[in-house]
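For reference, data28.txt is printed below; it contains compact mmCIF, C-alpha atoms.
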# COMPACT_ATOMS: atom_id res chain seq x y z
CA MET A 1359 -0.45 -0.91 -17.00
CA THR A 1360 -0.45 -3.39 -14.21
CA VAL A 1361 -1.07 -3.01 -10.62
CA ALA A 1362 2.17 -4.37 -9.57
CA GLU A 1363 5.32 -3.04 -8.36
CA HIS A 1364 8.73 -4.17 -7.59
CA GLU A 1365 7.42 -4.84 -4.24
CA GLY A 1366 5.75 -7.89 -5.26
CA ALA A 1367 9.09 -9.38 -5.22
CA ALA A 1368 10.43 -7.65 -2.27
CA HIS A 1369 7.47 -6.26 -0.69
CA GLY A 1370 7.00 -2.98 0.82
CA ALA A 1371 7.56 -2.03 4.30
CA ASP A 1372 3.98 -1.45 5.00
CA GLY A 1373 2.39 -4.50 3.72
CA GLU A 1374 -0.29 -2.77 1.85
CA GLN A 1375 -1.62 -2.39 -1.52
CA GLY A 1376 -0.67 -0.66 -4.55
CA HIS A 1377 -0.86 -3.37 -7.05
CA GLY A 1378 -3.18 -1.79 -9.39
CA ALA A 1379 -1.21 0.52 -11.35
CA GLY A 1380 2.05 0.04 -12.73
CA ARG A 1381 4.97 -2.14 -12.25
CA GLY A 1382 7.71 -0.68 -10.31
CA GLY A 1383 9.32 -0.62 -6.98
CA GLY A 1384 8.12 0.96 -3.92
CA HIS A 1385 8.84 4.23 -2.58
CA ASP A 1386 7.86 3.39 0.88
CA GLY A 1387 10.49 1.15 1.80
CA GLY A 1388 8.98 -1.71 0.11
CA HIS A 1389 6.46 -2.15 -2.50
CA GLY A 1390 3.41 -3.91 -2.52
CA HIS A 1391 0.55 -5.36 -4.16
CA GLY A 1392 -2.16 -3.48 -2.70
CA GLU A 1393 -1.39 -5.20 0.40
CA GLY A 1394 1.94 -4.93 1.53
CA HIS A 1395 4.14 -2.75 -0.36
CA SER A 1396 5.34 0.61 0.09
CA HIS A 1397 8.04 2.85 -0.89
CA GLY A 1398 10.08 3.77 1.98
CA GLY A 1399 9.36 7.36 1.95
CA GLY A 1400 5.74 7.37 1.57
CA HIS A 1401 5.47 6.45 -2.05
CA GLY A 1402 5.11 2.86 -1.40
CA HIS A 1403 3.75 0.25 -3.64
CA GLY A 1404 0.92 -1.61 -2.63
CA HIS A 1405 1.77 -4.86 -4.08
CA GLY A 1406 4.85 -5.27 -5.67
CA HIS A 1407 5.00 -6.30 -9.17
CA GLY A 1408 7.79 -4.37 -10.41
CA HIS A 1409 8.86 -2.64 -13.50
CA GLY A 1410 10.53 -5.06 -15.74
CA HIS A 1411 9.92 -8.02 -13.47
CA THR A 1412 7.41 -9.91 -15.54
CA ASP A 1413 8.62 -13.36 -14.55
CA ILE A 1414 7.38 -13.24 -10.98
CA ASP A 1415 5.48 -16.38 -9.96
CA TRP A 1416 2.52 -14.79 -8.21
CA ALA A 1417 1.23 -18.12 -6.94
CA VAL A 1418 4.49 -18.41 -5.00
CA MET A 1419 4.57 -14.74 -4.05
CA ALA A 1420 0.97 -14.56 -2.84
CA PRO A 1421 1.59 -15.94 0.68
CA VAL A 1422 4.32 -13.35 1.20
CA LEU A 1423 2.01 -10.58 0.05
CA GLU A 1424 -0.68 -11.84 2.40
CA GLN A 1425 1.66 -11.93 5.35
CA ASN A 1426 2.85 -8.40 4.66
CA ALA A 1427 -0.72 -7.15 4.44
CA GLU A 1428 -1.78 -8.97 7.59
CA VAL A 1429 1.04 -7.37 9.59
CA THR A 1430 -0.49 -3.94 9.04
CA ALA A 1431 -4.13 -5.01 8.69
CA PRO A 1432 -5.14 -3.10 11.86
CA VAL A 1433 -4.21 0.14 10.10
CA TYR A 1434 -6.38 -0.73 7.12
CA ARG A 1435 -9.20 -1.49 9.51
CA GLU A 1436 -8.76 2.00 10.94
CA VAL A 1437 -8.83 3.46 7.43
CA ALA A 1438 -12.01 1.57 6.55
CA ALA A 1439 -13.67 2.64 9.80
CA TRP A 1440 -12.73 6.26 9.12
CA LEU A 1441 -14.22 6.08 5.63
CA ARG A 1442 -17.36 4.57 7.15
CA ASP A 1443 -17.54 7.37 9.69
CA LEU A 1444 -17.09 10.00 6.98
CA ARG A 1445 -20.11 8.56 5.22
CA ALA A 1446 -22.10 8.46 8.44
CA GLY A 1447 -21.19 12.05 9.30
CA HIS A 1448 -23.34 13.76 6.72
CA GLU A 1449 -26.46 13.40 4.66
CA GLY A 1450 -26.50 12.05 1.14
CA GLY A 1451 -23.78 9.47 1.51
CA ARG A 1452 -20.89 11.79 0.67
CA PRO A 1453 -18.02 12.36 3.10
CA ALA A 1454 -18.09 15.46 5.24
CA ALA A 1455 -15.17 17.89 5.04
CA VAL A 1456 -13.01 16.36 7.70
CA GLY A 1457 -9.50 17.71 7.94
CA GLY A 1458 -7.65 15.15 10.01
CA PRO A 1459 -7.54 12.86 13.01
CA ALA A 1460 -8.73 15.50 15.44
CA ASP A 1461 -11.98 15.87 13.49
CA ALA A 1462 -12.65 12.23 12.77
CA ALA A 1463 -13.91 9.52 15.07
CA SER A 1464 -11.29 6.88 15.76
CA ALA A 1465 -11.79 3.29 14.77
CA ASP A 1466 -12.39 2.42 18.43
CA GLU A 1467 -15.10 5.02 19.03
CA VAL A 1468 -17.77 3.56 16.74
CA PRO A 1469 -17.97 -0.24 16.69
CA VAL A 1470 -18.37 -1.60 13.19
CA ASP A 1471 -21.50 -3.54 14.14
CA GLN A 1472 -23.16 -0.28 15.25
CA ALA A 1473 -22.57 1.54 11.96
CA PRO A 1474 -25.89 2.29 10.27
CA ALA A 1475 -26.43 0.01 7.30
CA ALA A 1476 -27.71 3.01 5.35
CA VAL A 1477 -24.21 4.45 5.06
CA ASP A 1478 -22.76 1.28 3.61
CA PRO A 1479 -21.77 1.72 -0.02
CA SER A 1480 -23.60 -0.66 -2.33
CA LEU A 1481 -20.47 -1.42 -4.33
CA ILE A 1482 -16.79 -1.08 -3.34
CA VAL A 1483 -13.92 -1.65 -5.77
CA ASP A 1484 -10.46 -2.48 -4.44
CA ALA A 1485 -8.35 -1.30 -7.36
CA GLY A 1486 -5.12 -3.26 -7.19
CA SER A 1487 -6.32 -5.81 -4.68
CA GLY A 1488 -3.47 -8.31 -4.62
CA PRO A 1489 -4.40 -11.44 -2.63
CA GLY A 1490 -7.48 -9.76 -1.16
CA VAL A 1491 -6.57 -9.10 2.46
CA VAL A 1492 -7.84 -5.51 2.33
CA THR A 1493 -10.70 -6.48 0.02
CA CYS A 1494 -12.08 -8.84 2.64
CA LEU A 1495 -11.42 -6.35 5.41
CA PHE A 1496 -13.60 -3.80 3.60
CA ALA A 1497 -16.32 -6.44 3.23
CA GLU A 1498 -16.23 -6.97 6.99
CA VAL A 1499 -16.34 -3.26 7.85
CA PHE A 1500 -19.16 -2.60 5.34
CA PRO A 1501 -21.44 -5.62 5.91
CA GLU A 1502 -24.07 -4.48 3.39
CA ALA A 1503 -21.65 -3.85 0.52
CA GLN A 1504 -20.65 -5.93 -2.46
CA VAL A 1505 -16.87 -5.75 -2.94
CA ILE A 1506 -14.95 -6.31 -6.17
CA ALA A 1507 -11.24 -7.16 -6.06
CA ALA A 1508 -9.69 -5.85 -9.28
CA ASP A 1509 -6.19 -7.00 -10.19
CA PRO A 1510 -4.34 -8.18 -13.31
CA GLU A 1511 -2.87 -11.29 -11.66
CA GLU A 1512 -5.06 -14.40 -11.78
CA ALA A 1513 -3.09 -16.16 -9.04
CA LEU A 1514 -3.73 -13.30 -6.64
CA LEU A 1515 -7.41 -13.14 -7.49
CA ALA A 1516 -7.61 -16.87 -6.74
CA ARG A 1517 -6.23 -16.19 -3.26
CA THR A 1518 -8.92 -13.55 -2.80
CA VAL A 1519 -11.62 -16.08 -3.64
CA GLU A 1520 -10.13 -18.55 -1.16
CA ARG A 1521 -9.86 -15.93 1.60
CA ALA A 1522 -13.42 -14.72 1.07
CA ALA A 1523 -14.74 -18.29 1.28
CA ARG A 1524 -12.73 -18.97 4.42
CA LEU A 1525 -14.11 -15.84 6.09
CA GLY A 1526 -17.70 -16.47 5.05
CA LEU A 1527 -17.72 -13.56 2.59
CA ALA A 1528 -18.04 -15.44 -0.68
CA ASP A 1529 -21.54 -14.10 -1.30
CA ARG A 1530 -20.31 -10.48 -1.24
CA VAL A 1531 -16.75 -10.60 -2.60
CA ARG A 1532 -16.04 -11.20 -6.27
CA THR A 1533 -13.06 -10.66 -8.51
CA HIS A 1534 -12.36 -8.86 -11.78
CA ARG A 1535 -9.18 -9.41 -13.75
CA ALA A 1536 -8.05 -6.14 -15.28
CA GLU A 1537 -5.16 -3.81 -15.83
CA LEU A 1538 -5.73 -0.63 -13.86
CA PRO A 1539 -7.24 1.85 -13.99
CA ASP A 1540 -8.54 1.51 -17.57
CA GLY A 1541 -9.62 -2.09 -17.06
CA LEU A 1542 -12.33 -1.01 -14.65
CA GLY A 1543 -14.53 0.04 -17.56
CA GLU A 1544 -16.47 -3.23 -17.31
CA VAL A 1545 -17.19 -2.73 -13.60
CA PRO A 1546 -20.48 -1.06 -12.60
CA PRO A 1547 -20.19 2.46 -11.13
CA ALA A 1548 -18.89 2.17 -7.58
CA ASP A 1549 -19.86 4.03 -4.42
CA LEU A 1550 -16.31 3.65 -3.08
CA ILE A 1551 -13.05 2.97 -4.92
CA TRP A 1552 -9.93 2.19 -2.88
CA ALA A 1553 -6.54 2.57 -4.61
CA ALA A 1554 -3.45 2.07 -2.47
CA ARG A 1555 -0.07 3.14 -3.84
CA SER A 1556 -0.99 2.47 -7.41
CA VAL A 1557 -1.59 5.90 -8.95
CA HIS A 1558 2.08 6.86 -8.74
CA HIS A 1559 2.89 3.97 -11.05
CA VAL A 1560 1.01 5.63 -13.89
CA GLY A 1561 2.90 8.12 -16.04
CA ASP A 1562 0.03 10.62 -16.11
CA GLN A 1563 -1.29 10.61 -12.57
CA VAL A 1564 -4.13 13.04 -13.29
CA ALA A 1565 -5.28 10.80 -16.12
CA ALA A 1566 -5.19 7.81 -13.77
CA LEU A 1567 -7.23 9.66 -11.15
CA THR A 1568 -9.66 10.81 -13.83
CA ALA A 1569 -10.12 7.23 -15.03
CA LEU A 1570 -10.86 6.13 -11.48
CA ALA A 1571 -13.21 9.08 -10.94
CA ASP A 1572 -15.13 8.10 -14.07
CA ARG A 1573 -15.93 4.74 -12.47
CA LEU A 1574 -17.62 6.36 -9.47
CA ALA A 1575 -21.37 6.55 -9.11
CA PRO A 1576 -22.76 10.08 -8.52
CA GLY A 1577 -21.82 11.02 -4.97
CA GLY A 1578 -19.25 8.21 -4.88
CA THR A 1579 -15.96 8.34 -3.02
CA LEU A 1580 -12.39 7.78 -4.22
CA ALA A 1581 -9.87 7.03 -1.48
CA ILE A 1582 -6.21 6.80 -2.43
CA LEU A 1583 -3.28 5.86 -0.25
CA GLU A 1584 -0.30 7.93 -1.36
CA GLY A 1585 2.48 9.49 0.67
CA GLY A 1586 3.15 9.18 4.36
CA LEU A 1587 6.44 8.63 6.12
CA ALA A 1588 9.24 6.20 5.41
CA PRO A 1589 9.39 3.19 7.71
CA ARG A 1590 11.85 2.94 10.55
CA SER A 1591 12.88 -0.37 12.08
CA LEU A 1592 16.26 0.27 13.72
CA PRO A 1593 17.79 2.88 16.03
CA ARG A 1594 19.91 5.57 14.35
CA ASP A 1595 23.01 3.84 15.71
CA PHE A 1596 22.34 0.10 15.91
CA GLY A 1597 25.89 -1.00 16.62
CA ILE A 1598 27.26 -1.95 13.21
CA GLY A 1599 28.22 0.19 10.23
CA ARG A 1600 27.94 3.96 10.07
CA PRO A 1601 25.00 5.46 12.00
CA GLY A 1602 22.08 6.79 9.97
CA LEU A 1603 21.77 3.90 7.50
CA GLN A 1604 18.01 4.18 7.13
CA ALA A 1605 18.20 7.86 6.19
CA ARG A 1606 20.63 6.94 3.42
CA LEU A 1607 18.34 4.14 2.31
CA ASP A 1608 15.56 6.72 2.06
CA ALA A 1609 17.75 8.87 -0.20
CA ALA A 1610 18.56 5.87 -2.40
CA ASN A 1611 14.90 4.98 -2.56
CA GLU A 1612 14.00 8.52 -3.62
CA GLU A 1613 16.54 8.33 -6.45
CA TRP A 1614 15.11 5.02 -7.58
CA PHE A 1615 11.57 6.38 -7.43
CA ALA A 1616 12.44 9.43 -9.52
CA ARG A 1617 13.98 7.18 -12.21
CA MET A 1618 10.99 4.85 -12.11
CA ARG A 1619 8.58 7.75 -12.59
CA ALA A 1620 10.64 9.22 -15.44
CA ASP A 1621 10.70 5.88 -17.29
CA LEU A 1622 6.94 5.30 -17.17
CA PRO A 1623 5.08 5.54 -20.49
CA GLY A 1624 3.58 8.99 -20.92
CA ALA A 1625 5.31 10.24 -17.79
CA LYS A 1626 4.29 13.76 -16.80
CA GLU A 1627 5.80 15.74 -13.97
CA ALA A 1628 3.29 16.70 -11.32
CA THR A 1629 3.62 18.30 -7.93
CA GLU A 1630 2.49 15.68 -5.46
CA ASP A 1631 -0.26 17.85 -4.03
CA TRP A 1632 -2.83 15.05 -3.96
CA ALA A 1633 -5.70 17.33 -3.04
CA ALA A 1634 -4.96 19.44 -6.12
CA LEU A 1635 -4.50 16.37 -8.32
CA LEU A 1636 -7.85 14.97 -7.21
CA THR A 1637 -9.46 18.32 -7.94
CA ALA A 1638 -7.85 18.36 -11.40
CA ALA A 1639 -9.44 14.94 -11.97
CA GLY A 1640 -12.87 16.50 -11.48
CA LEU A 1641 -13.45 15.49 -7.88
CA ARG A 1642 -13.97 17.47 -4.70
CA HIS A 1643 -11.26 16.78 -2.14
CA VAL A 1644 -12.80 16.47 1.29
CA ALA A 1645 -10.31 14.88 3.66
CA THR A 1646 -6.74 13.77 4.24
CA ARG A 1647 -5.58 11.75 7.21
CA SER A 1648 -2.47 9.81 8.17
CA PHE A 1649 -2.52 6.50 10.01
CA LEU A 1650 0.35 5.30 12.18
CA VAL A 1651 1.83 1.83 12.08
CA ASP A 1652 3.53 1.48 15.45
CA LEU A 1653 4.78 -2.02 16.25
CA PRO A 1654 7.30 -1.74 19.10
CA ALA A 1655 10.16 -4.11 19.82
CA PRO A 1656 10.25 -7.00 20.13
CA LEU A 1657 8.44 -7.86 16.91
CA ASP A 1658 6.54 -11.09 16.42
CA ASP A 1659 7.71 -13.48 13.72
CA ALA A 1660 5.37 -12.16 11.01
CA ALA A 1661 6.36 -8.53 11.54
CA ARG A 1662 10.04 -9.48 11.71
CA ASP A 1663 9.75 -11.34 8.41
CA HIS A 1664 8.07 -8.27 6.95
CA VAL A 1665 11.00 -6.06 7.93
CA VAL A 1666 13.54 -8.59 6.64
CA THR A 1667 11.76 -8.66 3.28
CA THR A 1668 11.85 -4.88 3.06
CA PHE A 1669 15.59 -4.73 3.75
CA GLY A 1670 16.12 -7.47 1.20
CA ARG A 1671 14.51 -5.21 -1.36
CA TYR A 1672 16.85 -2.40 -0.37
CA ARG A 1673 19.79 -4.68 -1.06
CA ASP A 1674 18.32 -5.70 -4.41
CA PHE A 1675 18.09 -2.03 -5.36
CA ALA A 1676 21.67 -1.43 -4.29
CA GLU A 1677 22.93 -4.37 -6.33
CA GLY A 1678 20.81 -3.62 -9.38
CA ALA A 1679 21.61 0.07 -9.78
CA ASP A 1680 23.87 1.07 -12.68
CA ASP A 1681 25.46 3.65 -10.42
CA PRO A 1682 25.83 2.43 -6.83
CA VAL A 1683 23.50 4.43 -4.60
CA LEU A 1684 25.04 3.02 -1.43
CA ASP A 1685 28.72 2.85 -0.67
CA ALA A 1686 30.57 -0.39 0.00
CA ASP A 1687 30.32 -0.01 3.77
CA ASP A 1688 26.54 0.38 3.68
CA ARG A 1689 26.19 -2.61 1.38
CA ALA A 1690 28.31 -4.65 3.75
CA THR A 1691 26.09 -3.57 6.65
CA LEU A 1692 23.00 -4.65 4.71
CA ASP A 1693 24.61 -8.04 4.09
CA ARG A 1694 25.17 -8.47 7.82
CA LEU A 1695 21.63 -7.38 8.66
CA LEU A 1696 20.25 -9.98 6.25
CA ASP A 1697 22.56 -12.84 7.29
CA PRO A 1698 20.54 -15.18 9.57
CA GLN A 1699 23.77 -16.43 11.13
CA ASP A 1700 25.00 -12.98 12.16
CA PRO A 1701 24.12 -12.19 15.81
CA GLU A 1702 23.49 -8.56 14.79
CA SER A 1703 21.13 -9.47 11.95
CA LEU A 1704 17.49 -8.51 11.61
CA HIS A 1705 16.64 -12.15 12.22
CA ARG A 1706 18.03 -11.99 15.76
CA ARG A 1707 17.85 -8.41 17.01
CA ALA A 1708 15.68 -7.72 20.04
CA ASP A 1709 15.50 -3.98 19.20
CA LEU A 1710 13.75 -4.40 15.85
CA PHE A 1711 10.50 -2.40 15.51
CA LEU A 1712 8.24 -1.06 12.76
CA LEU A 1713 7.14 2.57 12.70
CA THR A 1714 5.68 4.29 9.65
CA ALA A 1715 2.71 6.36 8.53
CA HIS A 1716 0.25 5.93 5.67
CA THR A 1717 -1.63 8.93 4.28
CA VAL A 1718 -5.09 8.59 2.72
CA HIS A 1719 -6.71 11.27 0.56
CA VAL A 1720 -10.46 11.22 0.04
CA ALA A 1721 -12.47 12.94 -2.70
CA VAL A 1722 -16.03 12.69 -3.97
CA ARG A 1723 -17.80 12.89 -7.29
CA GLU A 1724 -20.61 15.40 -7.07
CA ALA A 1725 -24.08 13.87 -7.27
Would you mind writing the file out in structure tokens?
Amino acid sequence: MTVAEHEGAAHGADGEQGHGAGRGGGHDGGHGHGEGHSHGGGHGHGHGHGHGHTDIDWAVMAPVLEQNAEVTAPVYREVAAWLRDLRAGHEGGRPAAVGGPADAASADEVPVDQAPAAVDPSLIVDAGSGPGVVTCLFAEVFPEAQVIAADPEEALLARTVERAARLGLADRVRTHRAELPDGLGEVPPADLIWAARSVHHVGDQVAALTALADRLAPGGTLAILEGGLAPRSLPRDFGIGRPGLQARLDAANEEWFARMRADLPGAKEATEDWAALLTAAGLRHVATRSFLVDLPAPLDDAARDHVVTTFGRYRDFAEGADDPVLDADDRATLDRLLDPQDPESLHRRADLFLLTAHTVHVAVREA
């Protein structure tokens, strides 16, 4: 299975990851290759390859994936800092049982350069790394760690190499071409594995988590980004079409996601209780925390482009469905929102914003 998702083509609303596991769209309002995809409702795809979209030119798509990831990079920095603080908060290198934001130090409370080197993992694997934005970010936050970007797409791994060299990280960042998660068998046991919006692209999610858990060193940590809240970028009533469009887009996205899951090879139904799923994979769940992406209006050009890409994916879904999931009026509204010449379009609106939440679940392999 590949790390991609439909987002690769139409990226997710969050600009994150999720490349590593399966091809399919994104539940977070976008999809994404590990860096910039997401489903609209919190499923999200990290990267965006896409079920059935095997003709994507990843060399062409890579800059888009990078831009999407960079828009929300501050959130990934917060995630990495939280994981660092979990390691620093207890003895033995395993995360303490932290329940949420109120119990965890914020990214601003402990400067990265003051984090004790002893808590740095020796080896981090970014499973479904895409063009390496988050890979390099982890290398910066954990200055003593070696980081492996694992992804099936050679063009995206090449971008990772270029980014690492540009940031002075070439001595600590390397790449591994592999389908995920089974392709990690050649990678040494890792102290930290990061998998963003990739597990839900595997038919048997417990099997996917188990395969990832098997690649952890004793006492190692698996951190998965799954769930959260669908992105919002417009007011409920934004002046054209019927109010509440984004809620209806969420419903359409949920229908798409259910079909995508059902069509995966070896698909098994599973309640999306990620703590329970991680436990079923043989790990000890220790923490869950959500991170807010809050970019108020007016958006800068990169964030605006990110939102436009996400709505373009919504329109692709609407046009590609066998049974229309949006009525004619909603499709017409989407056309106006995506028309650069329309004064009410996403390209021109001063009220465009980006608000969403990403949820990270952390578990450890007992030493």
List the neighbours of Leu1542 of chain A out to 10 Å using all atoms listed in the file; skip same-chain residues closer than 4 positions along the sequence, and give me the result as a list in words.
->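 Counting only the stated atoms, we get Val1483, Ala1485, Ala1508, Asp1509, His1534, Arg1535, Ala1536, Glu1537, Leu1538, Pro1546, Pro1547, Ala1569, Leu1570, Asp1572 and Arg1573 of chain A.
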Could you work out how far atom CA of Val1437 of chain A lies from atom CA of Phe1496 of chain A, giving the answer in Å with one decimal?
->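 Separating atom CA of Phe1496 of chain A from atom CA of Val1437 of chain A is a distance of 9.5 Å.
Counting all atoms listed in the file and comparing A:Asp1631, A:Ala1625, A:Gly1526, A:Pro1593, the residue that lies closest to Gly1561 of chain A is A:Ala1625.
Coordinates place atom CA of Asp1484 of chain A at a distance of 24.3 Å from atom CA of Thr1667 of chain A.
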Nearby residues, (1.6, 16.7, -11.7) file frame, 10 Å, only C-alpha atoms, as a list in words =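 Within 10 Å of (1.6, 16.7, -11.7), the protein and nucleic acid residues are Gly1561, Asp1562, Gln1563, Val1564, Ala1625, Lys1626, Glu1627, Ala1628, Thr1629, Glu1630, Asp1631, Trp1632, Ala1634, Leu1635 and Ala1638 of chain A.
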Between atom CA of Ser1648 of chain A and atom CA of Leu1695 of chain A, measure the distance and give it in Å to one decimal.
-> 29.6 Å
Top pick for closest residue to Ala1581 of chain A, considering A:Asp1549, A:Asp1652, A:Glu1612, A:Glu1511 and counting only C-alpha atoms | A:Asp1549
Choose the residue, out of A:Leu1641, A:Leu1592, A:Ala1507, A:Ala1513, that has the smallest atom-to-atom separation from Arg1530 of chain A; count all atoms listed in the file.
->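 So, comparing all the options, the nearest one is A:Ala1507.
Counting all atoms listed in the file, the residue from A:His1716, A:Arg1617, A:His1559, A:Arg1694 that sits nearest to Glu1436 of chain A is A:His1716.
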Using only C-alpha atoms, pick whichever of A:Leu1704, A:Ala1522, A:Ala1721, A:Ala1609 has the shortest atom-to-atom distance to Ile1582 of chain A.
->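 Going through A:Leu1704, A:Ala1522, A:Ala1721, A:Ala1609 one by one, the smallest distance to Ile1582 of chain A is for A:Ala1721.
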Nearest to Leu1481 of chain A among A:Ile1551, A:Ala1620, A:Ala1528, A:Val1560, with distances taken over only C-alpha atoms: which residue is it?
->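 Residue with the minimum atom-to-atom distance to Leu1481 of chain A: A:Ile1551.
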Test item: residues at most 10 Å from Val1418 of chain A, only C-alpha atoms, excluding those fewer than 4 positions along its chain, as a PyMOL selection string = chain A and resi 1414+1422-1423+1513-1514
